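Enquirer: Provided herewith: upload-v8.cif, mmCIF, N, CA and C atoms.
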data_entry
#
loop_
_atom_site.group_PDB
_atom_site.id
_atom_site.type_symbol
_atom_site.label_atom_id
_atom_site.label_comp_id
_atom_site.auth_asym_id
_atom_site.auth_seq_id
_atom_site.Cartn_x
_atom_site.Cartn_y
_atom_site.Cartn_z
ATOM 1 N N MET A 1 20.461 10.957 -4.576
ATOM 2 C CA MET A 1 19.268 11.106 -5.371
ATOM 3 C C MET A 1 18.580 12.398 -4.941
ATOM 4 N N SER A 2 18.246 13.207 -5.887
ATOM 5 C CA SER A 2 17.554 14.451 -5.557
ATOM 6 C C SER A 2 16.087 14.351 -5.938
ATOM 7 N N MET A 3 15.263 15.017 -5.172
ATOM 8 C CA MET A 3 13.824 15.009 -5.404
ATOM 9 C C MET A 3 13.518 15.907 -6.594
ATOM 10 N N SER A 4 12.733 15.413 -7.546
ATOM 11 C CA SER A 4 12.428 16.179 -8.754
ATOM 12 C C SER A 4 11.418 17.290 -8.491
ATOM 13 N N GLN A 5 10.533 17.074 -7.551
ATOM 14 C CA GLN A 5 9.497 18.056 -7.224
ATOM 15 C C GLN A 5 8.880 17.655 -5.886
ATOM 16 N N PRO A 6 8.064 18.504 -5.300
ATOM 17 C CA PRO A 6 7.408 18.095 -4.043
ATOM 18 C C PRO A 6 6.591 16.816 -4.261
ATOM 19 N N TYR A 7 6.632 15.941 -3.283
ATOM 20 C CA TYR A 7 5.879 14.694 -3.386
ATOM 21 C C TYR A 7 4.388 14.977 -3.358
ATOM 22 N N GLU A 8 3.652 14.216 -4.153
ATOM 23 C CA GLU A 8 2.202 14.329 -4.178
ATOM 24 C C GLU A 8 1.608 12.934 -4.102
ATOM 25 N N PHE A 9 0.471 12.840 -3.441
ATOM 26 C CA PHE A 9 -0.282 11.595 -3.417
ATOM 27 C C PHE A 9 -1.019 11.453 -4.728
ATOM 28 N N SER A 10 -1.077 10.238 -5.232
ATOM 29 C CA SER A 10 -1.922 9.954 -6.388
ATOM 30 C C SER A 10 -2.621 8.629 -6.127
ATOM 31 N N ILE A 11 -3.799 8.493 -6.680
ATOM 32 C CA ILE A 11 -4.546 7.242 -6.519
ATOM 33 C C ILE A 11 -3.791 6.145 -7.263
ATOM 34 N N ALA A 12 -3.614 5.030 -6.600
ATOM 35 C CA ALA A 12 -2.863 3.916 -7.173
ATOM 36 C C ALA A 12 -3.642 3.253 -8.301
ATOM 37 N N THR A 13 -2.920 2.793 -9.300
ATOM 38 C CA THR A 13 -3.530 1.969 -10.342
ATOM 39 C C THR A 13 -3.864 0.611 -9.732
ATOM 40 N N ASN A 14 -4.599 -0.202 -10.446
ATOM 41 C CA ASN A 14 -4.930 -1.541 -9.939
ATOM 42 C C ASN A 14 -3.667 -2.354 -9.665
ATOM 43 N N ALA A 15 -2.689 -2.268 -10.560
ATOM 44 C CA ALA A 15 -1.445 -3.021 -10.369
ATOM 45 C C ALA A 15 -0.677 -2.509 -9.153
ATOM 46 N N GLU A 16 -0.618 -1.193 -8.972
ATOM 47 C CA GLU A 16 0.057 -0.625 -7.810
ATOM 48 C C GLU A 16 -0.654 -1.009 -6.519
ATOM 49 N N ALA A 17 -1.980 -0.985 -6.532
ATOM 50 C CA ALA A 17 -2.763 -1.364 -5.352
ATOM 51 C C ALA A 17 -2.524 -2.836 -5.004
ATOM 52 N N GLU A 18 -2.424 -3.677 -6.008
ATOM 53 C CA GLU A 18 -2.167 -5.095 -5.767
ATOM 54 C C GLU A 18 -0.786 -5.285 -5.130
ATOM 55 N N THR A 19 0.195 -4.527 -5.593
ATOM 56 C CA THR A 19 1.534 -4.583 -5.012
ATOM 57 C C THR A 19 1.506 -4.157 -3.553
ATOM 58 N N LEU A 20 0.800 -3.066 -3.255
ATOM 59 C CA LEU A 20 0.678 -2.612 -1.862
ATOM 60 C C LEU A 20 0.055 -3.690 -0.991
ATOM 61 N N THR A 21 -1.027 -4.285 -1.462
ATOM 62 C CA THR A 21 -1.710 -5.338 -0.708
ATOM 63 C C THR A 21 -0.787 -6.518 -0.469
ATOM 64 N N ASP A 22 -0.058 -6.948 -1.502
ATOM 65 C CA ASP A 22 0.870 -8.069 -1.351
ATOM 66 C C ASP A 22 1.925 -7.783 -0.283
ATOM 67 N N LYS A 23 2.449 -6.556 -0.275
ATOM 68 C CA LYS A 23 3.471 -6.182 0.709
ATOM 69 C C LYS A 23 2.901 -6.165 2.122
ATOM 70 N N ILE A 24 1.698 -5.640 2.279
ATOM 71 C CA ILE A 24 1.072 -5.585 3.606
ATOM 72 C C ILE A 24 0.762 -6.985 4.114
ATOM 73 N N VAL A 25 0.206 -7.830 3.265
ATOM 74 C CA VAL A 25 -0.127 -9.200 3.669
ATOM 75 C C VAL A 25 1.141 -9.954 4.069
ATOM 76 N N ALA A 26 2.222 -9.798 3.295
ATOM 77 C CA ALA A 26 3.482 -10.477 3.617
ATOM 78 C C ALA A 26 4.038 -9.979 4.949
ATOM 79 N N PHE A 27 4.000 -8.676 5.180
ATOM 80 C CA PHE A 27 4.475 -8.120 6.443
ATOM 81 C C PHE A 27 3.639 -8.638 7.607
ATOM 82 N N ASN A 28 2.327 -8.565 7.472
ATOM 83 C CA ASN A 28 1.450 -9.001 8.559
ATOM 84 C C ASN A 28 1.590 -10.479 8.862
ATOM 85 N N ALA A 29 1.839 -11.284 7.852
ATOM 86 C CA ALA A 29 2.011 -12.723 8.072
ATOM 87 C C ALA A 29 3.208 -12.997 8.977
ATOM 88 N N LYS A 30 4.218 -12.127 8.939
ATOM 89 C CA LYS A 30 5.410 -12.305 9.770
ATOM 90 C C LYS A 30 5.310 -11.593 11.110
ATOM 91 N N GLN A 31 4.555 -10.501 11.187
ATOM 92 C CA GLN A 31 4.607 -9.622 12.345
ATOM 93 C C GLN A 31 3.356 -9.609 13.222
ATOM 94 N N VAL A 32 2.230 -10.009 12.681
ATOM 95 C CA VAL A 32 0.957 -9.902 13.402
ATOM 96 C C VAL A 32 0.527 -11.292 13.838
ATOM 97 N N SER A 33 -0.004 -11.381 15.049
ATOM 98 C CA SER A 33 -0.368 -12.694 15.586
ATOM 99 C C SER A 33 -1.580 -13.313 14.886
ATOM 100 N N PHE A 34 -2.365 -12.514 14.214
ATOM 101 C CA PHE A 34 -3.488 -13.048 13.451
ATOM 102 C C PHE A 34 -3.701 -12.172 12.224
ATOM 103 N N TYR A 35 -4.250 -12.774 11.218
ATOM 104 C CA TYR A 35 -4.643 -12.017 10.041
ATOM 105 C C TYR A 35 -5.659 -12.840 9.272
ATOM 106 N N GLY A 36 -6.427 -12.185 8.457
ATOM 107 C CA GLY A 36 -7.442 -12.862 7.661
ATOM 108 C C GLY A 36 -7.472 -12.259 6.268
ATOM 109 N N ASP A 37 -8.617 -12.323 5.651
ATOM 110 C CA ASP A 37 -8.759 -11.744 4.323
ATOM 111 C C ASP A 37 -8.797 -10.231 4.429
ATOM 112 N N VAL A 38 -8.109 -9.562 3.513
ATOM 113 C CA VAL A 38 -8.018 -8.107 3.555
ATOM 114 C C VAL A 38 -9.019 -7.492 2.571
ATOM 115 N N GLU A 39 -9.607 -6.396 2.975
ATOM 116 C CA GLU A 39 -10.496 -5.615 2.114
ATOM 117 C C GLU A 39 -9.908 -4.209 2.025
ATOM 118 N N ASN A 40 -9.476 -3.815 0.839
ATOM 119 C CA ASN A 40 -8.900 -2.492 0.647
ATOM 120 C C ASN A 40 -9.988 -1.509 0.266
ATOM 121 N N LEU A 41 -9.891 -0.323 0.812
ATOM 122 C CA LEU A 41 -10.858 0.725 0.513
ATOM 123 C C LEU A 41 -10.280 1.757 -0.442
ATOM 124 N N ILE A 42 -9.108 2.264 -0.121
ATOM 125 C CA ILE A 42 -8.471 3.287 -0.939
ATOM 126 C C ILE A 42 -6.968 3.035 -0.920
ATOM 127 N N ASP A 43 -6.322 3.183 -2.061
ATOM 128 C CA ASP A 43 -4.877 3.018 -2.151
ATOM 129 C C ASP A 43 -4.269 4.252 -2.802
ATOM 130 N N TYR A 44 -3.202 4.754 -2.193
ATOM 131 C CA TYR A 44 -2.470 5.893 -2.738
ATOM 132 C C TYR A 44 -0.997 5.536 -2.842
ATOM 133 N N VAL A 45 -0.307 6.175 -3.763
ATOM 134 C CA VAL A 45 1.133 6.021 -3.879
ATOM 135 C C VAL A 45 1.776 7.399 -3.916
ATOM 136 N N ILE A 46 3.035 7.428 -3.537
ATOM 137 C CA ILE A 46 3.860 8.616 -3.686
ATOM 138 C C ILE A 46 5.013 8.198 -4.582
ATOM 139 N N LYS A 47 5.234 8.979 -5.638
ATOM 140 C CA LYS A 47 6.270 8.632 -6.605
ATOM 141 C C LYS A 47 7.315 9.737 -6.703
ATOM 142 N N ASP A 48 8.514 9.322 -7.067
ATOM 143 C CA ASP A 48 9.596 10.241 -7.385
ATOM 144 C C ASP A 48 10.197 9.757 -8.691
ATOM 145 N N ASN A 49 10.166 10.592 -9.688
ATOM 146 C CA ASN A 49 10.654 10.223 -11.026
ATOM 147 C C ASN A 49 10.001 8.938 -11.534
ATOM 148 N N GLY A 50 8.722 8.758 -11.259
ATOM 149 C CA GLY A 50 7.974 7.601 -11.738
ATOM 150 C C GLY A 50 8.110 6.347 -10.908
ATOM 151 N N ASN A 51 8.964 6.366 -9.891
ATOM 152 C CA ASN A 51 9.166 5.205 -9.027
ATOM 153 C C ASN A 51 8.372 5.366 -7.743
ATOM 154 N N ILE A 52 7.678 4.306 -7.344
ATOM 155 C CA ILE A 52 6.940 4.339 -6.083
ATOM 156 C C ILE A 52 7.952 4.347 -4.947
ATOM 157 N N ILE A 53 7.842 5.357 -4.084
ATOM 158 C CA ILE A 53 8.730 5.424 -2.927
ATOM 159 C C ILE A 53 7.960 5.212 -1.628
ATOM 160 N N ALA A 54 6.617 5.288 -1.695
ATOM 161 C CA ALA A 54 5.784 5.041 -0.519
ATOM 162 C C ALA A 54 4.373 4.704 -0.978
ATOM 163 N N GLY A 55 3.674 3.974 -0.146
ATOM 164 C CA GLY A 55 2.288 3.646 -0.438
ATOM 165 C C GLY A 55 1.449 3.758 0.822
ATOM 166 N N ILE A 56 0.233 4.168 0.637
ATOM 167 C CA ILE A 56 -0.714 4.276 1.750
ATOM 168 C C ILE A 56 -1.970 3.539 1.332
ATOM 169 N N THR A 57 -2.435 2.673 2.193
ATOM 170 C CA THR A 57 -3.655 1.937 1.887
ATOM 171 C C THR A 57 -4.581 1.982 3.085
ATOM 172 N N SER A 58 -5.857 2.063 2.801
ATOM 173 C CA SER A 58 -6.879 2.001 3.834
ATOM 174 C C SER A 58 -7.515 0.625 3.711
ATOM 175 N N CYS A 59 -7.353 -0.182 4.750
ATOM 176 C CA CYS A 59 -7.863 -1.550 4.649
ATOM 177 C C CYS A 59 -8.328 -2.048 6.014
ATOM 178 N N PHE A 60 -9.049 -3.135 5.990
ATOM 179 C CA PHE A 60 -9.388 -3.824 7.217
ATOM 180 C C PHE A 60 -9.365 -5.314 6.931
ATOM 181 N N TYR A 61 -9.246 -6.097 7.997
ATOM 182 C CA TYR A 61 -9.143 -7.535 7.862
ATOM 183 C C TYR A 61 -10.400 -8.198 8.385
ATOM 184 N N PHE A 62 -10.800 -9.255 7.682
ATOM 185 C CA PHE A 62 -11.863 -10.116 8.142
ATOM 186 C C PHE A 62 -11.188 -11.294 8.845
ATOM 187 N N GLY A 63 -11.471 -11.481 10.103
ATOM 188 C CA GLY A 63 -10.859 -12.588 10.841
ATOM 189 C C GLY A 63 -11.343 -13.934 10.326
ATOM 190 N N LYS A 64 -10.500 -14.919 10.509
ATOM 191 C CA LYS A 64 -10.848 -16.282 10.064
ATOM 192 C C LYS A 64 -11.410 -17.060 11.217
#
Show this structure as structure tokens.

Expert:
Amino acid sequence: MSMSQPYEFSIATNAEAETLTDKIVAFNAKQVSFYGDVENLIDYVIKDNGNIIAGITSCFYFGK
């Protein structure tokens, strides 16, 4: 697969942000000893040919 152009960050759509959050919550549920409700501040995606290849989210957790 060849890169179509230099990667650029773009602000995630609501659906993309929800996908990022779901992936982070699922990962943390398996890997982190504690987790709570997540609050996202900013979500970015990196795309190649319209496909998300990476996501960056700024979030914090409220402990239970």

Enquirer: What lies within 7 Å of A:Lys47 using all atoms listed in the file, ignoring chain neighbours under 6 positions off, as a list of chain:residue names?

Expert: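 The neighbour list is A:Tyr7, A:Glu8, A:Phe9, A:Ser10, A:Ile53, A:Ala54.
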
Enquirer: Can you work out the spacing between atom C of A:Glu39 and atom C of A:Ile52 in Å, to one decimal?

Expert: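 Between atom C of A:Glu39 and atom C of A:Ile52 the gap is 21.0 Å.
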
Enquirer: Restricting the calculation to only N, CA and C atoms: of A:Ile46, A:Leu41, A:Val32, A:Ile56, which residue gets closest to A:Leu20?

Expert: A:Ile56

Enquirer: Could you state which residues are captured by the PyMOL selection byres (((chain A and resi 42 and name CA) around 7) and name CA) in this file, as a PyMOL selection string?

Expert: chain A and resi 40-41+43-44+57-58

Enquirer: As an exercise, work out the distance from atom N of A:Val25 to atom N of A:Asp48 in Å and give it to one decimal place.

Expert: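 According to the coordinates, atom N of A:Val25 and atom N of A:Asp48 are separated by 21.7 Å.
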
Enquirer: Please report the interatomic distance between atom CA of A:Ala15 and atom CA of A:Gly50 in Å with one decimal.

Expert: 14.3 Å
